[in-house]
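**Q** I am sharing my_file-v8.csv, which consists of CSV, C-alpha atoms:
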```csv
chain,number,residue,atom,x,y,z
A,7,MET,CA,52.9,-7.8,-28.8
A,8,ILE,CA,50.0,-9.1,-26.8
A,9,PRO,CA,48.5,-6.6,-24.4
A,10,GLN,CA,49.3,-6.9,-20.7
A,11,PRO,CA,46.4,-8.1,-18.5
A,12,THR,CA,44.4,-5.5,-16.6
A,13,GLU,CA,42.7,-5.7,-13.3
A,14,ARG,CA,39.6,-7.4,-14.8
A,15,LEU,CA,40.8,-8.6,-18.2
A,16,ARG,CA,43.3,-10.8,-19.9
A,17,PHE,CA,44.1,-11.2,-23.6
A,18,ARG,CA,45.1,-14.1,-25.8
A,19,GLU,CA,45.4,-14.9,-29.5
A,20,MET,CA,42.2,-15.8,-31.3
A,21,GLN,CA,41.9,-19.4,-32.4
A,22,GLU,CA,39.5,-21.3,-34.7
A,23,SER,CA,38.0,-22.8,-31.5
A,24,ASP,CA,36.7,-19.2,-30.7
A,25,LEU,CA,34.2,-19.3,-33.5
A,26,THR,CA,31.1,-19.7,-31.3
A,27,ASP,CA,32.2,-16.8,-29.2
A,28,ILE,CA,33.2,-14.6,-32.1
A,29,ALA,CA,29.8,-15.2,-33.7
A,30,THR,CA,28.2,-13.4,-30.7
A,31,LEU,CA,29.9,-10.1,-31.6
A,32,GLU,CA,28.3,-7.5,-33.8
A,33,ILE,CA,31.4,-7.2,-36.1
A,34,GLY,CA,29.6,-6.3,-39.4
A,35,GLY,CA,31.4,-6.4,-42.7
A,36,SER,CA,31.4,-9.2,-45.2
A,37,ARG,CA,33.9,-11.5,-43.5
A,38,GLY,CA,31.6,-13.3,-41.1
A,39,PRO,CA,32.9,-14.9,-37.9
A,40,ARG,CA,35.1,-17.6,-39.6
A,41,GLY,CA,36.6,-15.0,-42.0
A,42,TRP,CA,37.1,-12.6,-39.0
A,43,ILE,CA,39.2,-15.3,-37.3
A,44,GLU,CA,41.1,-16.1,-40.5
A,45,TRP,CA,41.8,-12.4,-41.1
A,46,THR,CA,43.0,-11.9,-37.6
A,47,ARG,CA,45.3,-15.0,-37.6
A,48,ALA,CA,46.8,-13.8,-40.9
A,49,SER,CA,47.5,-10.4,-39.3
A,50,TYR,CA,49.4,-12.1,-36.5
A,51,ALA,CA,51.6,-14.0,-39.0
A,52,LYS,CA,52.2,-11.0,-41.2
A,53,HIS,CA,52.4,-8.0,-38.8
A,54,GLY,CA,52.9,-9.6,-35.3
A,55,PHE,CA,49.6,-8.1,-34.1
A,56,GLY,CA,45.9,-8.4,-34.7
A,57,LEU,CA,42.7,-8.7,-32.6
A,58,TRP,CA,43.0,-10.6,-29.4
A,59,VAL,CA,40.2,-12.4,-27.5
A,60,VAL,CA,39.3,-10.5,-24.4
A,61,GLU,CA,38.2,-12.5,-21.3
A,62,THR,CA,37.7,-11.9,-17.7
A,63,HIS,CA,40.2,-13.6,-15.4
A,64,SER,CA,37.6,-16.3,-14.7
A,65,GLY,CA,37.5,-17.0,-18.5
A,66,GLU,CA,34.2,-15.3,-19.5
A,67,PHE,CA,34.3,-14.2,-23.1
A,68,VAL,CA,34.0,-10.4,-23.3
A,69,GLY,CA,34.9,-9.7,-26.9
A,70,ASP,CA,37.9,-8.8,-29.0
A,71,CYS,CA,40.2,-5.8,-29.0
A,72,GLY,CA,43.5,-5.2,-30.8
A,73,LEU,CA,45.5,-3.7,-33.6
A,74,THR,CA,44.9,-3.9,-37.3
A,75,LEU,CA,46.3,-2.2,-40.4
A,76,GLN,CA,43.7,-0.1,-42.1
A,77,GLU,CA,43.8,1.9,-45.3
A,78,VAL,CA,42.8,5.6,-44.8
A,79,GLU,CA,42.7,7.7,-47.9
A,80,GLY,CA,45.6,5.8,-49.5
A,81,GLU,CA,47.7,5.5,-46.4
A,82,TRP,CA,48.1,2.4,-44.2
A,83,MET,CA,47.7,3.1,-40.5
A,84,VAL,CA,47.6,1.1,-37.3
A,85,GLU,CA,44.1,1.0,-35.8
A,86,ALA,CA,42.9,0.1,-32.3
A,87,GLY,CA,39.6,-1.7,-32.6
A,88,TRP,CA,37.2,-3.2,-30.0
A,89,HIS,CA,34.0,-5.2,-29.8
A,90,VAL,CA,32.2,-6.2,-26.6
A,91,ARG,CA,29.3,-8.6,-26.3
A,92,THR,CA,26.1,-6.7,-26.1
A,93,PRO,CA,25.1,-7.8,-22.5
A,94,LEU,CA,28.5,-6.6,-21.2
A,95,ARG,CA,28.5,-3.2,-22.8
A,96,ARG,CA,28.6,0.0,-20.7
A,97,LEU,CA,30.6,-1.8,-17.9
A,98,GLY,CA,33.9,-0.2,-18.9
A,99,TYR,CA,35.4,-3.3,-20.5
A,100,ALA,CA,36.0,-1.6,-23.9
A,101,ALA,CA,37.9,1.3,-22.5
A,102,GLU,CA,39.9,-1.0,-20.2
A,103,ALA,CA,40.9,-3.3,-23.0
A,104,ALA,CA,41.5,-0.4,-25.4
A,105,ARG,CA,43.9,1.2,-22.9
A,106,SER,CA,45.9,-2.0,-22.7
A,107,VAL,CA,46.0,-2.2,-26.5
A,108,ARG,CA,47.1,1.4,-26.8
A,109,ASP,CA,49.9,0.7,-24.3
A,110,ALA,CA,50.9,-2.4,-26.3
A,111,ALA,CA,51.0,-0.3,-29.5
A,112,ARG,CA,53.2,2.3,-27.7
A,113,ALA,CA,55.6,-0.5,-26.5
A,114,GLY,CA,55.7,-1.9,-30.0
A,115,ASN,CA,56.8,1.5,-31.4
A,116,VAL,CA,53.7,2.4,-33.2
A,117,GLU,CA,54.1,6.1,-33.9
A,118,HIS,CA,50.5,7.1,-34.6
A,119,LEU,CA,47.4,5.2,-33.5
A,120,ILE,CA,43.9,5.6,-34.9
A,121,ALA,CA,40.4,4.3,-34.4
A,122,ILE,CA,37.9,4.4,-37.3
A,123,ILE,CA,34.3,4.8,-35.9
A,124,ARG,CA,30.9,5.3,-37.5
A,125,PRO,CA,29.4,8.7,-36.6
A,126,ASP,CA,26.4,7.1,-34.9
A,127,ASN,CA,28.6,5.0,-32.6
A,128,VAL,CA,28.8,7.5,-29.7
A,129,ALA,CA,29.9,4.8,-27.2
A,130,SER,CA,33.0,4.0,-29.3
A,131,GLN,CA,33.8,7.6,-29.7
A,132,GLY,CA,33.8,7.9,-25.9
A,133,VAL,CA,36.2,4.9,-25.7
A,134,ALA,CA,38.5,6.6,-28.2
A,135,SER,CA,38.5,9.8,-26.2
A,136,LYS,CA,39.2,7.9,-22.9
A,137,ILE,CA,42.4,6.4,-24.4
A,138,GLY,CA,43.6,9.8,-25.7
A,139,LEU,CA,42.5,9.7,-29.3
A,140,ARG,CA,41.0,12.9,-30.7
A,141,LEU,CA,38.9,13.4,-33.8
A,142,GLU,CA,41.2,14.1,-36.8
A,143,ARG,CA,38.9,13.9,-39.8
A,144,GLU,CA,35.9,12.4,-41.4
A,145,ILE,CA,36.3,10.0,-44.3
A,146,HIS,CA,34.2,7.7,-46.5
A,147,LYS,CA,35.0,4.1,-45.8
A,148,ASN,CA,33.3,0.8,-46.5
A,149,GLY,CA,30.2,2.4,-48.0
A,150,GLY,CA,29.6,5.2,-45.5
A,151,PRO,CA,30.9,8.1,-43.5
A,152,ALA,CA,33.5,7.3,-40.8
A,153,LEU,CA,35.3,9.4,-38.2
A,154,VAL,CA,39.1,8.9,-37.7
A,155,PHE,CA,40.2,9.5,-34.2
A,156,GLY,CA,44.0,9.5,-33.6
A,157,ALA,CA,47.0,10.4,-31.6
A,158,ASP,CA,50.8,10.3,-31.8
A,159,LEU,CA,52.1,7.8,-29.3
```
Could I get this file's structure written as structure tokens?

**A**
Amino acid sequence: MIPQPTERLRFREMQESDLTDIATLEIGGSRGPRGWIEWTRASYAKHGFGLWVVETHSGEFVGDCGLTLQEVEGEWMVEAGWHVRTPLRRLGYAAEAARSVRDAARAGNVEHLIAIIRPDNVASQGVASKIGLRLEREIHKNGGPALVFGADL
């Protein structure tokens, strides 16, 4: 269920060889870049989807974007997530990639798509809105408040 290329971007499965690029992303959490890749690859095997490497058509690493399963107040939901390298932010790449991922989720018969976003991450809230997700609720996740944006597909 890999997303279709866009005008500026293409997607591919994340590999161990992407470690140097993944390490440039601000992904947070306790996994670290190597654990991030392992977690993503396990998701491909188990669910048929995960986070994909996002590149320009010329091969420049932009970030990652994709689908993951996330627990939200006891319920497992499909989440669209995205990370763009700091120097490439605010150029529309996140929204472009997220749209393609939303479309892949729809084609894969995902009924409801969410994005879990920290309250201070206004840019990601904007991306969520641009792909049709709306604020559904506020939760406590991974040690702090988080906003759940979502939409039926």

**Q** Go through segment 8-114 of chain A and flag each residue having an atom no more than 12 Å from segment 119-122 of chain A; for those, report the closest pair of atoms plus their distance in Å to one decimal, using all atoms listed in the file, ordered by chain and rising number, as JSON lines.

**A**
```
{"residue": "A:Cys71", "atom": "CA", "partner": "A:Ala121", "partner_atom": "CA", "distance": 11.5}
{"residue": "A:Gly72", "atom": "CA", "partner": "A:Ala121", "partner_atom": "CA", "distance": 10.6}
{"residue": "A:Leu73", "atom": "CA", "partner": "A:Leu119", "partner_atom": "CA", "distance": 9.1}
{"residue": "A:Thr74", "atom": "CA", "partner": "A:Ala121", "partner_atom": "CA", "distance": 9.8}
{"residue": "A:Leu75", "atom": "CA", "partner": "A:Ile120", "partner_atom": "CA", "distance": 9.8}
{"residue": "A:Gln76", "atom": "CA", "partner": "A:Ile122", "partner_atom": "CA", "distance": 8.8}
{"residue": "A:Glu77", "atom": "CA", "partner": "A:Ile122", "partner_atom": "CA", "distance": 10.2}
{"residue": "A:Val78", "atom": "CA", "partner": "A:Ile122", "partner_atom": "CA", "distance": 9.0}
{"residue": "A:Trp82", "atom": "CA", "partner": "A:Ile120", "partner_atom": "CA", "distance": 10.7}
{"residue": "A:Met83", "atom": "CA", "partner": "A:Ile120", "partner_atom": "CA", "distance": 7.2}
{"residue": "A:Val84", "atom": "CA", "partner": "A:Leu119", "partner_atom": "CA", "distance": 5.6}
{"residue": "A:Glu85", "atom": "CA", "partner": "A:Ile120", "partner_atom": "CA", "distance": 4.7}
{"residue": "A:Ala86", "atom": "CA", "partner": "A:Ala121", "partner_atom": "CA", "distance": 5.3}
{"residue": "A:Gly87", "atom": "CA", "partner": "A:Ala121", "partner_atom": "CA", "distance": 6.3}
{"residue": "A:Trp88", "atom": "CA", "partner": "A:Ala121", "partner_atom": "CA", "distance": 9.3}
{"residue": "A:Ala104", "atom": "CA", "partner": "A:Ala121", "partner_atom": "CA", "distance": 10.2}
{"residue": "A:Arg105", "atom": "CA", "partner": "A:Leu119", "partner_atom": "CA", "distance": 11.9}
{"residue": "A:Val107", "atom": "CA", "partner": "A:Leu119", "partner_atom": "CA", "distance": 10.3}
{"residue": "A:Arg108", "atom": "CA", "partner": "A:Leu119", "partner_atom": "CA", "distance": 7.7}
{"residue": "A:Asp109", "atom": "CA", "partner": "A:Leu119", "partner_atom": "CA", "distance": 10.5}
{"residue": "A:Ala110", "atom": "CA", "partner": "A:Leu119", "partner_atom": "CA", "distance": 11.0}
{"residue": "A:Ala111", "atom": "CA", "partner": "A:Leu119", "partner_atom": "CA", "distance": 7.7}
{"residue": "A:Arg112", "atom": "CA", "partner": "A:Leu119", "partner_atom": "CA", "distance": 8.7}
{"residue": "A:Gly114", "atom": "CA", "partner": "A:Leu119", "partner_atom": "CA", "distance": 11.5}
```

**Q** What's around Met20 of chain A at 7 Å? Count all atoms listed in the file, leave out sequence neighbours fewer than 5 positions away in its own chain, and write the answer as a ChimeraX atom specification.

**A** /A:43,58-59

**Q** Around (47.1, -7.5, -24.1) in the file's own coordinates, what residues are found within 8 Å if you use all atoms listed in the file, given back as a PyMOL selection string?

**A** chain A and resi 7-11+16-18+58+72+103+106-107+110

**Q** Choose the residue, out of A:Arg40, A:His63, A:Lys147, A:Lys52, that has the smallest atom-to-atom separation from Ile28 of chain A; count all atoms listed in the file.

**A**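 Looking at the shortest contact to Ile28 of chain A, the residue is A:Arg40.
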
**Q** Rank nothing, just name the residue among A:Gly34, A:Pro93, A:Gly41, A:Pro125 nearest to His146 of chain A, using all atoms listed in the file.

**A**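 Closest residue, counting all atoms listed in the file: A:Pro125.
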
**Q** Atom CA of Ala100 of chain A and atom CA of Gly138 of chain A, how far apart in Å?

**A**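 For atom CA of Gly138 of chain A relative to atom CA of Ala100 of chain A, the distance reads 13.8 Å.
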
**Q** Residues within 12 Å of Ser135 of chain A, please, as a list of chain:residue names. Count all atoms listed in the file; anything in the same chain fewer than 4 positions from it doesn't count.

**A** A:Ala100, A:Ala101, A:Ala104, A:Arg105, A:Ile120, A:Ala121, A:Ile123, A:Val128, A:Ala129, A:Ser130, A:Gln131, A:Leu139, A:Arg140, A:Leu141, A:Glu142, A:Val154, A:Phe155, A:Gly156, A:Ala157

**Q** Limited to C-alpha atoms, could you put the picked residues into a file as a short mmCIF file (atom, residue, chain, number, x, y, z; two decimals), in the coordinates of the input?

**A**
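Output saved as again-v4.cif:
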```cif
data_model
loop_
_atom_site.label_atom_id
_atom_site.label_comp_id
_atom_site.auth_asym_id
_atom_site.auth_seq_id
_atom_site.Cartn_x
_atom_site.Cartn_y
_atom_site.Cartn_z
CA ALA A 100 36.00 -1.60 -23.90
CA ALA A 101 37.90 1.30 -22.50
CA ALA A 104 41.50 -0.40 -25.40
CA ARG A 105 43.90 1.20 -22.90
CA ILE A 120 43.90 5.60 -34.90
CA ALA A 121 40.40 4.30 -34.40
CA ILE A 123 34.30 4.80 -35.90
CA VAL A 128 28.80 7.50 -29.70
CA ALA A 129 29.90 4.80 -27.20
CA SER A 130 33.00 4.00 -29.30
CA GLN A 131 33.80 7.60 -29.70
CA LEU A 139 42.50 9.70 -29.30
CA ARG A 140 41.00 12.90 -30.70
CA LEU A 141 38.90 13.40 -33.80
CA GLU A 142 41.20 14.10 -36.80
CA VAL A 154 39.10 8.90 -37.70
CA PHE A 155 40.20 9.50 -34.20
CA GLY A 156 44.00 9.50 -33.60
CA ALA A 157 47.00 10.40 -31.60
#
```

**Q** Go through A:Trp45, A:Glu19, A:Asp158, A:Gly35 one by one, measure the shortest atom-to-atom distance of each to Asn115 of chain A using only C-alpha atoms, and give the residue with the smallest value.

**A**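 For Asn115 of chain A, the nearest of the candidates is A:Asp158.
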
**Q** Nearest residue to Val60 of chain A out of A:Glu44, A:Glu32, A:Glu79, A:Glu102, using only C-alpha atoms?

**A** A:Glu102

**Q** Give the answer as one residue: which of A:Gly149, A:Gly80, A:Gly54, A:Gly69 has the shortest atom-to-atom distance to Leu31 of chain A, using only C-alpha atoms?

**A**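 For Leu31 of chain A, the nearest of the candidates is A:Gly69.
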
**Q** So the first atom is atom CA of Gly65 of chain A and the second is atom CA of Gly98 of chain A; what is the distance between them in Å, to one decimal place?

**A**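 Answer for the atom CA of Gly65 of chain A to atom CA of Gly98 of chain A separation: 17.2 Å.
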
**Q** Just give me the gap between atom CA of Asn127 of chain A and atom CA of Ala29 of chain A in Å, one decimal is fine.

**A** 20.3 Å

**Q** Counting only C-alpha atoms, which residue out of A:Phe67, A:Phe55, A:Arg96, A:Ser36 sits closest to Asp24 of chain A?

**A**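 Among the listed residues, A:Phe67 lies closest to Asp24 of chain A.
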